[in-house]
Amino acid sequence: MKSKILKMFMLVSVMMLVIACGNKSQGGNKKYIIGTDTSFPPFEYKKDGKYTGIDIELLEAIGKLEGFEVEFKPMDFGGLIPALQSGQLDGVIAGASITEERKKTVDFSDPYYESGLVALVNKNNTNIKELKDLEGKRIVVKNGTAGAKFAEDNLKGKANIRVFEDSASTLKAVENNQADAAFEDYPVIAYTIKVNPNLNVKIGTEKLTSNDYGFMVKKGANQELLEKFNKGLKTLKENGEYQKIVDKYTK
């Protein structure tokens with residue numbers, strides 16, 4: 001009887017140990033599953049089979065400082081918050097604008113990048129220079145983004161708005177004159193045009209908005225991860241590493 005009880009105790013102990021270590025890496029550090037949208041350069045994209053960009057390097061640098069590891073899980077931007085809410089992800093870093101609407105379902109980190117929306121137009125377009133010029137036009141936006149929300153708030157009923165699942169499709173529609181304009185975050189489209197000078201598109205307007213990007217966790221969950229992100233971000237800004245990462249992709 002004692003032998004059976006001892007065996008049962010050992011089995012339960014091993015199971016508890018496995019559960020306790022299930023979210024740790026082989027090196028012993030805690031590992032977090034982080035959702036991202038890898039079609040959003042210069043913040044996150046895939047190059048030579050590896051994920052890279054401002055967001056990727058920033059989170060990896062914070063992980064080294066704060067003693068955790070990251071496993072990135074790419075998906076369409078529109079699916080990131082639902083995946084976060086369902087528990088598939090521990091956090092999200094994807095150039096996500098901090099908005100009051102998103103705050104209802106997620107908790108944001110301190111802002112880590114200041115951005116803003118611009119209208120992307122065909123190189124031959126000389127008529128679109130400000131918001132009012134978009135009335136009556138064909139607008140394409142990426143699902144779930146600040147650009148989609150801006151179009152809904154400012155041009156619903158005034159323009160023909162179509163929604164796509166990725167930035168590449170919106171860009172192609174403008175390039176091929178299937179749409180008159182697309183809304184995109186300034187640093188993203190500026191980088192895209194810089195590395196692809198033959199694209200038949202240009203930035204048509206000044207910044208239409210000003211917004212900050214934030215790291216996201218499910219509302220009321222993973223506060224430890226959120227605190228680690230904020231602490232690491234503060235350190236990287238103070239020691240100059242943050243600016244080095246940003247400059248690497250924007251200059």
# chains A, B, ... in the order shown; residues from 1 in each chain; ligands from 1

call {"tool": "residues_around", "arguments": {"residues": "Ala179 of chain A", "least_positions_apart": "2", "cutoff": "8 Å", "atoms": "only C-alpha atoms", "output": "ChimeraX atom specification"}}
result
/A:137-140,173-174,176-177,181-182

call {"tool": "select_by_dssp", "arguments": {"residues": "segment 122-186 of chain A", "states": "helix (DSSP H, G or I)", "output": "ChimeraX atom specification"}}
result
/A:131-134,146-155,167-175,186

call {"tool": "residues_around", "arguments": {"residues": "segment 207-221 of chain A", "least_positions_apart": "3", "cutoff": "8 Å", "atoms": "only C-alpha atoms", "output": "PDB file with N, CA and C atoms, in the first residue's frame"}}
result
ATOM      1  N   LEU A  84      -5.828  37.018 -29.196  1.00  0.00           N
ATOM      2  CA  LEU A  84      -5.391  37.438 -27.867  1.00  0.00           C
ATOM      3  C   LEU A  84      -6.498  37.186 -26.847  1.00  0.00           C
ATOM      4  N   GLN A  85      -7.716  37.538 -27.199  1.00  0.00           N
ATOM      5  CA  GLN A  85      -8.854  37.366 -26.302  1.00  0.00           C
ATOM      6  C   GLN A  85      -9.161  35.899 -26.022  1.00  0.00           C
ATOM      7  N   ASP A  90      -0.078  35.391 -25.855  1.00  0.00           N
ATOM      8  CA  ASP A  90       0.202  36.087 -24.596  1.00  0.00           C
ATOM      9  C   ASP A  90       0.252  37.592 -24.806  1.00  0.00           C
ATOM     10  N   GLY A  91       0.656  38.008 -26.007  1.00  0.00           N
ATOM     11  CA  GLY A  91       0.765  39.424 -26.313  1.00  0.00           C
ATOM     12  C   GLY A  91       0.785  39.641 -27.804  1.00  0.00           C
ATOM     13  N   VAL A  92       0.695  40.906 -28.207  1.00  0.00           N
ATOM     14  CA  VAL A  92       0.718  41.266 -29.632  1.00  0.00           C
ATOM     15  C   VAL A  92       1.585  42.493 -29.825  1.00  0.00           C
ATOM     16  N   ILE A  93       2.492  42.417 -30.805  1.00  0.00           N
ATOM     17  CA  ILE A  93       3.226  43.596 -31.240  1.00  0.00           C
ATOM     18  C   ILE A  93       3.132  43.634 -32.759  1.00  0.00           C
ATOM     19  N   ALA A  94       2.443  44.653 -33.288  1.00  0.00           N
ATOM     20  CA  ALA A  94       2.158  44.667 -34.729  1.00  0.00           C
ATOM     21  C   ALA A  94       1.868  46.071 -35.228  1.00  0.00           C
ATOM     22  N   GLY A  95       2.574  47.063 -34.705  1.00  0.00           N
ATOM     23  CA  GLY A  95       2.296  48.427 -35.126  1.00  0.00           C
ATOM     24  C   GLY A  95       0.855  48.808 -34.848  1.00  0.00           C
ATOM     25  N   ALA A  96       0.332  48.398 -33.692  1.00  0.00           N
ATOM     26  CA  ALA A  96      -1.072  48.638 -33.351  1.00  0.00           C
ATOM     27  C   ALA A  96      -1.235  49.999 -32.690  1.00  0.00           C
ATOM     28  N   SER A  97      -2.099  50.825 -33.258  1.00  0.00           N
ATOM     29  CA  SER A  97      -2.350  52.149 -32.693  1.00  0.00           C
ATOM     30  C   SER A  97      -3.135  52.037 -31.388  1.00  0.00           C
ATOM     31  N   ILE A  98      -2.761  52.843 -30.424  1.00  0.00           N
ATOM     32  CA  ILE A  98      -3.471  52.887 -29.153  1.00  0.00           C
ATOM     33  C   ILE A  98      -4.757  53.689 -29.344  1.00  0.00           C
ATOM     34  N   LYS A 103      -8.924  49.703 -26.291  1.00  0.00           N
ATOM     35  CA  LYS A 103      -8.721  49.640 -24.840  1.00  0.00           C
ATOM     36  C   LYS A 103      -9.865  48.919 -24.126  1.00  0.00           C
ATOM     37  N   LYS A 104     -10.986  48.747 -24.817  1.00  0.00           N
ATOM     38  CA  LYS A 104     -12.113  48.032 -24.209  1.00  0.00           C
ATOM     39  C   LYS A 104     -11.817  46.543 -24.068  1.00  0.00           C
ATOM     40  N   THR A 105     -10.911  46.032 -24.911  1.00  0.00           N
ATOM     41  CA  THR A 105     -10.637  44.593 -24.900  1.00  0.00           C
ATOM     42  C   THR A 105      -9.178  44.235 -24.648  1.00  0.00           C
ATOM     43  N   VAL A 106      -8.268  45.214 -24.703  1.00  0.00           N
ATOM     44  CA  VAL A 106      -6.853  44.932 -24.467  1.00  0.00           C
ATOM     45  C   VAL A 106      -6.260  45.977 -23.521  1.00  0.00           C
ATOM     46  N   ASP A 107      -5.146  45.612 -22.911  1.00  0.00           N
ATOM     47  CA  ASP A 107      -4.354  46.569 -22.144  1.00  0.00           C
ATOM     48  C   ASP A 107      -3.116  46.903 -22.959  1.00  0.00           C
ATOM     49  N   PHE A 108      -2.824  48.198 -23.088  1.00  0.00           N
ATOM     50  CA  PHE A 108      -1.673  48.654 -23.864  1.00  0.00           C
ATOM     51  C   PHE A 108      -0.480  48.956 -22.966  1.00  0.00           C
ATOM     52  N   SER A 109       0.685  48.806 -23.559  1.00  0.00           N
ATOM     53  CA  SER A 109       1.922  49.243 -22.921  1.00  0.00           C
ATOM     54  C   SER A 109       2.032  50.750 -23.026  1.00  0.00           C
ATOM     55  N   ASP A 110       3.103  51.298 -22.486  1.00  0.00           N
ATOM     56  CA  ASP A 110       3.450  52.679 -22.769  1.00  0.00           C
ATOM     57  C   ASP A 110       3.683  52.803 -24.274  1.00  0.00           C
ATOM     58  N   PRO A 111       3.422  53.949 -24.887  1.00  0.00           N
ATOM     59  CA  PRO A 111       3.663  54.111 -26.330  1.00  0.00           C
ATOM     60  C   PRO A 111       5.136  53.850 -26.672  1.00  0.00           C
ATOM     61  N   TYR A 112       5.357  53.147 -27.774  1.00  0.00           N
ATOM     62  CA  TYR A 112       6.746  52.893 -28.172  1.00  0.00           C
ATOM     63  C   TYR A 112       7.104  53.507 -29.535  1.00  0.00           C
ATOM     64  N   TYR A 113       6.121  54.069 -30.241  1.00  0.00           N
ATOM     65  CA  TYR A 113       6.433  54.726 -31.517  1.00  0.00           C
ATOM     66  C   TYR A 113       5.302  55.668 -31.889  1.00  0.00           C
ATOM     67  N   GLU A 114       5.654  56.884 -32.329  1.00  0.00           N
ATOM     68  CA  GLU A 114       4.652  57.848 -32.782  1.00  0.00           C
ATOM     69  C   GLU A 114       4.502  57.758 -34.293  1.00  0.00           C
ATOM     70  N   SER A 115       3.277  57.569 -34.738  1.00  0.00           N
ATOM     71  CA  SER A 115       3.005  57.406 -36.165  1.00  0.00           C
ATOM     72  C   SER A 115       1.889  58.341 -36.601  1.00  0.00           C
ATOM     73  N   GLY A 116       1.312  58.080 -37.776  1.00  0.00           N
ATOM     74  CA  GLY A 116       0.209  58.880 -38.295  1.00  0.00           C
ATOM     75  C   GLY A 116      -0.192  58.374 -39.671  1.00  0.00           C
ATOM     76  N   LEU A 117      -1.446  58.576 -40.037  1.00  0.00           N
ATOM     77  CA  LEU A 117      -1.954  58.098 -41.319  1.00  0.00           C
ATOM     78  C   LEU A 117      -1.743  59.097 -42.444  1.00  0.00           C
ATOM     79  N   VAL A 118      -1.464  58.566 -43.637  1.00  0.00           N
ATOM     80  CA  VAL A 118      -1.420  59.375 -44.860  1.00  0.00           C
ATOM     81  C   VAL A 118      -2.216  58.642 -45.927  1.00  0.00           C
ATOM     82  N   ALA A 119      -2.567  59.349 -46.984  1.00  0.00           N
ATOM     83  CA  ALA A 119      -3.242  58.730 -48.121  1.00  0.00           C
ATOM     84  C   ALA A 119      -2.210  58.392 -49.191  1.00  0.00           C
ATOM     85  N   LEU A 131      -7.898  65.618 -47.091  1.00  0.00           N
ATOM     86  CA  LEU A 131      -9.008  64.717 -46.817  1.00  0.00           C
ATOM     87  C   LEU A 131     -10.224  64.977 -47.701  1.00  0.00           C
ATOM     88  N   TYR A 186       2.311  56.330 -41.986  1.00  0.00           N
ATOM     89  CA  TYR A 186       3.379  57.018 -42.704  1.00  0.00           C
ATOM     90  C   TYR A 186       4.705  56.253 -42.716  1.00  0.00           C
ATOM     91  N   LEU A 226       3.331  42.832 -19.402  1.00  0.00           N
ATOM     92  CA  LEU A 226       3.166  44.249 -19.724  1.00  0.00           C
ATOM     93  C   LEU A 226       4.163  45.103 -18.933  1.00  0.00           C
ATOM     94  N   PHE A 229       7.606  44.695 -20.369  1.00  0.00           N
ATOM     95  CA  PHE A 229       7.758  45.458 -21.615  1.00  0.00           C
ATOM     96  C   PHE A 229       8.037  46.922 -21.299  1.00  0.00           C
TER      97      PHE A 229
END

call {"tool": "residues_around", "arguments": {"residues": "Lys158 of chain A", "least_positions_apart": "3", "cutoff": "10 Å", "atoms": "only C-alpha atoms", "output": "PDB file with all heavy atoms, in the first residue's frame"}}
result
ATOM      1  N   LYS A 132     -10.605  66.228 -47.894  1.00  0.00           N
ATOM      2  CA  LYS A 132     -11.820  66.533 -48.664  1.00  0.00           C
ATOM      3  C   LYS A 132     -11.722  66.063 -50.113  1.00  0.00           C
ATOM      4  O   LYS A 132     -12.746  65.827 -50.769  1.00  0.00           O
ATOM      5  CB  LYS A 132     -12.111  68.030 -48.612  1.00  0.00           C
ATOM      6  CG  LYS A 132     -11.113  68.908 -49.338  1.00  0.00           C
ATOM      7  CD  LYS A 132     -11.535  70.374 -49.277  1.00  0.00           C
ATOM      8  CE  LYS A 132     -10.579  71.258 -50.076  1.00  0.00           C
ATOM      9  NZ  LYS A 132     -11.002  72.687 -50.046  1.00  0.00           N
ATOM     10  N   LEU A 134     -10.830  63.270 -51.054  1.00  0.00           N
ATOM     11  CA  LEU A 134     -11.132  61.840 -51.119  1.00  0.00           C
ATOM     12  C   LEU A 134     -12.630  61.562 -51.231  1.00  0.00           C
ATOM     13  O   LEU A 134     -13.037  60.428 -51.472  1.00  0.00           O
ATOM     14  CB  LEU A 134     -10.575  61.136 -49.876  1.00  0.00           C
ATOM     15  CG  LEU A 134      -9.042  61.124 -49.775  1.00  0.00           C
ATOM     16  CD1 LEU A 134      -8.605  60.700 -48.386  1.00  0.00           C
ATOM     17  CD2 LEU A 134      -8.449  60.192 -50.820  1.00  0.00           C
ATOM     18  N   GLU A 135     -13.441  62.586 -51.060  1.00  0.00           N
ATOM     19  CA  GLU A 135     -14.880  62.401 -51.178  1.00  0.00           C
ATOM     20  C   GLU A 135     -15.247  62.013 -52.610  1.00  0.00           C
ATOM     21  O   GLU A 135     -14.767  62.612 -53.574  1.00  0.00           O
ATOM     22  CB  GLU A 135     -15.612  63.670 -50.755  1.00  0.00           C
ATOM     23  CG  GLU A 135     -15.417  63.999 -49.277  1.00  0.00           C
ATOM     24  CD  GLU A 135     -16.171  65.237 -48.839  1.00  0.00           C
ATOM     25  OE1 GLU A 135     -16.943  65.790 -49.651  1.00  0.00           O
ATOM     26  OE2 GLU A 135     -15.975  65.667 -47.688  1.00  0.00           O
ATOM     27  N   GLY A 136     -16.086  60.984 -52.736  1.00  0.00           N
ATOM     28  CA  GLY A 136     -16.495  60.503 -54.052  1.00  0.00           C
ATOM     29  C   GLY A 136     -15.484  59.580 -54.705  1.00  0.00           C
ATOM     30  O   GLY A 136     -15.708  59.106 -55.819  1.00  0.00           O
ATOM     31  N   LYS A 137     -14.390  59.276 -54.009  1.00  0.00           N
ATOM     32  CA  LYS A 137     -13.327  58.435 -54.577  1.00  0.00           C
ATOM     33  C   LYS A 137     -13.443  56.985 -54.106  1.00  0.00           C
ATOM     34  O   LYS A 137     -14.220  56.647 -53.214  1.00  0.00           O
ATOM     35  CB  LYS A 137     -11.955  58.996 -54.179  1.00  0.00           C
ATOM     36  CG  LYS A 137     -11.707  60.424 -54.644  1.00  0.00           C
ATOM     37  CD  LYS A 137     -11.687  60.522 -56.150  1.00  0.00           C
ATOM     38  CE  LYS A 137     -11.144  61.863 -56.647  1.00  0.00           C
ATOM     39  NZ  LYS A 137     -11.992  63.010 -56.274  1.00  0.00           N
ATOM     40  N   ARG A 138     -12.638  56.115 -54.738  1.00  0.00           N
ATOM     41  CA  ARG A 138     -12.579  54.693 -54.378  1.00  0.00           C
ATOM     42  C   ARG A 138     -11.438  54.512 -53.375  1.00  0.00           C
ATOM     43  O   ARG A 138     -10.272  54.696 -53.729  1.00  0.00           O
ATOM     44  CB  ARG A 138     -12.339  53.841 -55.619  1.00  0.00           C
ATOM     45  CG  ARG A 138     -13.414  53.967 -56.712  1.00  0.00           C
ATOM     46  CD  ARG A 138     -12.909  53.420 -58.034  1.00  0.00           C
ATOM     47  NE  ARG A 138     -11.721  54.146 -58.479  1.00  0.00           N
ATOM     48  CZ  ARG A 138     -10.899  53.735 -59.441  1.00  0.00           C
ATOM     49  NH1 ARG A 138     -11.143  52.592 -60.078  1.00  0.00           N
ATOM     50  NH2 ARG A 138      -9.847  54.450 -59.789  1.00  0.00           N
ATOM     51  N   ALA A 151     -11.301  55.730 -42.203  1.00  0.00           N
ATOM     52  CA  ALA A 151     -12.184  55.777 -43.373  1.00  0.00           C
ATOM     53  C   ALA A 151     -13.645  55.683 -42.949  1.00  0.00           C
ATOM     54  O   ALA A 151     -14.506  56.402 -43.457  1.00  0.00           O
ATOM     55  CB  ALA A 151     -11.834  54.649 -44.336  1.00  0.00           C
ATOM     56  N   GLU A 152     -13.926  54.785 -42.000  1.00  0.00           N
ATOM     57  CA  GLU A 152     -15.290  54.609 -41.501  1.00  0.00           C
ATOM     58  C   GLU A 152     -15.806  55.888 -40.843  1.00  0.00           C
ATOM     59  O   GLU A 152     -16.952  56.306 -41.058  1.00  0.00           O
ATOM     60  CB  GLU A 152     -15.315  53.452 -40.494  1.00  0.00           C
ATOM     61  CG  GLU A 152     -16.671  53.176 -39.857  1.00  0.00           C
ATOM     62  CD  GLU A 152     -17.631  52.449 -40.777  1.00  0.00           C
ATOM     63  OE1 GLU A 152     -17.214  51.996 -41.866  1.00  0.00           O
ATOM     64  OE2 GLU A 152     -18.817  52.339 -40.399  1.00  0.00           O
ATOM     65  N   ASN A 154     -14.670  59.055 -41.225  1.00  0.00           N
ATOM     66  CA  ASN A 154     -14.596  60.297 -41.982  1.00  0.00           C
ATOM     67  C   ASN A 154     -15.166  60.240 -43.400  1.00  0.00           C
ATOM     68  O   ASN A 154     -15.487  61.294 -43.961  1.00  0.00           O
ATOM     69  CB  ASN A 154     -13.136  60.764 -42.070  1.00  0.00           C
ATOM     70  CG  ASN A 154     -12.574  61.165 -40.725  1.00  0.00           C
ATOM     71  OD1 ASN A 154     -12.743  62.296 -40.281  1.00  0.00           O
ATOM     72  ND2 ASN A 154     -11.889  60.236 -40.064  1.00  0.00           N
ATOM     73  N   LEU A 155     -15.291  59.021 -43.952  1.00  0.00           N
ATOM     74  CA  LEU A 155     -15.697  58.947 -45.359  1.00  0.00           C
ATOM     75  C   LEU A 155     -16.864  58.003 -45.627  1.00  0.00           C
ATOM     76  O   LEU A 155     -17.245  57.817 -46.784  1.00  0.00           O
ATOM     77  CB  LEU A 155     -14.497  58.532 -46.223  1.00  0.00           C
ATOM     78  CG  LEU A 155     -13.378  59.576 -46.328  1.00  0.00           C
ATOM     79  CD1 LEU A 155     -12.133  58.949 -46.949  1.00  0.00           C
ATOM     80  CD2 LEU A 155     -13.827  60.782 -47.144  1.00  0.00           C
ATOM     81  N   ILE A 161     -15.737  52.593 -50.122  1.00  0.00           N
ATOM     82  CA  ILE A 161     -14.680  51.996 -49.284  1.00  0.00           C
ATOM     83  C   ILE A 161     -14.699  50.478 -49.425  1.00  0.00           C
ATOM     84  O   ILE A 161     -15.723  49.828 -49.215  1.00  0.00           O
ATOM     85  CB  ILE A 161     -14.872  52.385 -47.803  1.00  0.00           C
ATOM     86  CG1 ILE A 161     -14.891  53.907 -47.647  1.00  0.00           C
ATOM     87  CG2 ILE A 161     -13.772  51.763 -46.948  1.00  0.00           C
ATOM     88  CD1 ILE A 161     -15.294  54.379 -46.260  1.00  0.00           C
TER      89      ILE A 161
END

call {"tool": "residues_around", "arguments": {"residues": "Val141 of chain A", "least_positions_apart": "2", "cutoff": "7 Å", "atoms": "only C-alpha atoms", "output": "list in words"}}
result
Ile139, Asn143, Gly147, Ala148, Arg162, Val163, Phe164, Thr170, Ala182 and Phe183 of chain A

call {"tool": "closest_residue", "arguments": {"among": "A:Ile193, A:Ile34, A:Val201, A:Ala83", "to": "Leu225 of chain A", "atoms": "only C-alpha atoms"}}
result
A:Ile34

call {"tool": "closest_residue", "arguments": {"among": "A:Glu224, A:Asp37, A:Glu101, A:Glu175", "to": "Val121 of chain A", "atoms": "only C-alpha atoms"}}
result
A:Glu175

call {"tool": "residues_around", "arguments": {"residues": "Gly79 of chain A", "least_positions_apart": "2", "cutoff": "10 Å", "atoms": "only C-alpha atoms", "output": "list in words"}}
result
Gly35, Thr36, Asp37, Pro74, Met75, Asp76, Phe77, Ile81, Pro82, Ala83, Leu84, Asn143, Gly144 and Glu165 of chain A

call {"tool": "write_last_selection", "arguments": {"atoms": "N, CA and C atoms", "output": "JSON list (two decimals), in the first residue's frame"}}
result
[["chain", "number", "residue", "atom", "x", "y", "z"],
["A", 35, "GLY", "N", 1.79, 37.42, -30.97],
["A", 35, "GLY", "CA", 1.22, 37.55, -32.31],
["A", 35, "GLY", "C", 1.77, 38.78, -33.02],
["A", 36, "THR", "N", 1.93, 38.67, -34.33],
["A", 36, "THR", "CA", 2.41, 39.79, -35.13],
["A", 36, "THR", "C", 1.92, 39.64, -36.56],
["A", 37, "ASP", "N", 1.97, 40.73, -37.30],
["A", 37, "ASP", "CA", 1.56, 40.74, -38.70],
["A", 37, "ASP", "C", 2.80, 40.99, -39.53],
["A", 74, "PRO", "N", 2.82, 34.57, -36.59],
["A", 74, "PRO", "CA", 2.28, 35.51, -37.58],
["A", 74, "PRO", "C", 0.84, 35.19, -37.96],
["A", 75, "MET", "N", 0.05, 36.24, -38.17],
["A", 75, "MET", "CA", -1.32, 36.09, -38.66],
["A", 75, "MET", "C", -1.80, 37.43, -39.21],
["A", 76, "ASP", "N", -2.94, 37.42, -39.90],
["A", 76, "ASP", "CA", -3.51, 38.66, -40.42],
["A", 76, "ASP", "C", -3.81, 39.60, -39.26],
["A", 77, "PHE", "N", -3.64, 40.89, -39.49],
["A", 77, "PHE", "CA", -3.81, 41.87, -38.42],
["A", 77, "PHE", "C", -5.20, 41.78, -37.78],
["A", 81, "ILE", "N", -6.28, 40.53, -32.30],
["A", 81, "ILE", "CA", -6.98, 40.79, -31.04],
["A", 81, "ILE", "C", -7.92, 39.64, -30.68],
["A", 82, "PRO", "N", -8.69, 39.07, -31.63],
["A", 82, "PRO", "CA", -9.49, 37.89, -31.29],
["A", 82, "PRO", "C", -8.64, 36.73, -30.76],
["A", 83, "ALA", "N", -7.46, 36.52, -31.34],
["A", 83, "ALA", "CA", -6.58, 35.45, -30.87],
["A", 83, "ALA", "C", -6.06, 35.75, -29.47],
["A", 84, "LEU", "N", -5.83, 37.02, -29.20],
["A", 84, "LEU", "CA", -5.39, 37.44, -27.87],
["A", 84, "LEU", "C", -6.50, 37.19, -26.85],
["A", 143, "ASN", "N", -8.10, 45.56, -43.23],
["A", 143, "ASN", "CA", -9.04, 45.19, -42.17],
["A", 143, "ASN", "C", -8.46, 45.34, -40.77],
["A", 144, "GLY", "N", -9.22, 45.96, -39.88],
["A", 144, "GLY", "CA", -8.85, 46.06, -38.48],
["A", 144, "GLY", "C", -7.86, 47.12, -38.11],
["A", 165, "GLU", "N", -7.49, 42.23, -46.63],
["A", 165, "GLU", "CA", -6.88, 41.60, -45.46],
["A", 165, "GLU", "C", -5.40, 41.89, -45.31]]

call {"tool": "atom_distance", "arguments": {"atom1": "atom CA of Asp180 of chain A", "atom2": "atom CA of Ser39 of chain A"}}
result
21.7 Å

call {"tool": "closest_residue", "arguments": {"among": "A:Ser169, A:Thr192, A:Thr52, A:Thr145", "to": "Arg102 of chain A", "atoms": "only C-alpha atoms"}}
result
A:Thr145

call {"tool": "atom_distance", "arguments": {"atom1": "atom CA of Phe72 of chain A", "atom2": "atom CA of Phe40 of chain A"}}
result
14.3 Å

call {"tool": "residues_around", "arguments": {"residues": "Lys228 of chain A", "least_positions_apart": "2", "cutoff": "10 Å", "atoms": "only C-alpha atoms", "output": "PyMOL selection string"}}
result
chain A and resi 62-63+65-68+109+223-226+230-234

call {"tool": "atom_distance", "arguments": {"atom1": "atom CA of Ile33 of chain A", "atom2": "atom CA of Leu89 of chain A"}}
result
5.3 Å

call {"tool": "select_by_dssp", "arguments": {"residues": "segment 86-214 of chain A", "states": "strand (DSSP E or B)", "output": "PyMOL selection string"}}
result
chain A and resi 91-92+97+106-108+113-115+117-122+138-142+156+159-164+181-185+201-203+211-213

call {"tool": "closest_residue", "arguments": {"among": "A:Glu238, A:Asp48, A:Glu60, A:Glu184", "to": "Glu206 of chain A", "atoms": "only C-alpha atoms"}}
result
A:Glu184

call {"tool": "closest_residue", "arguments": {"among": "A:Thr235, A:Gln178, A:Asn222, A:Asn196", "to": "Pro41 of chain A", "atoms": "only C-alpha atoms"}}
result
A:Asn196
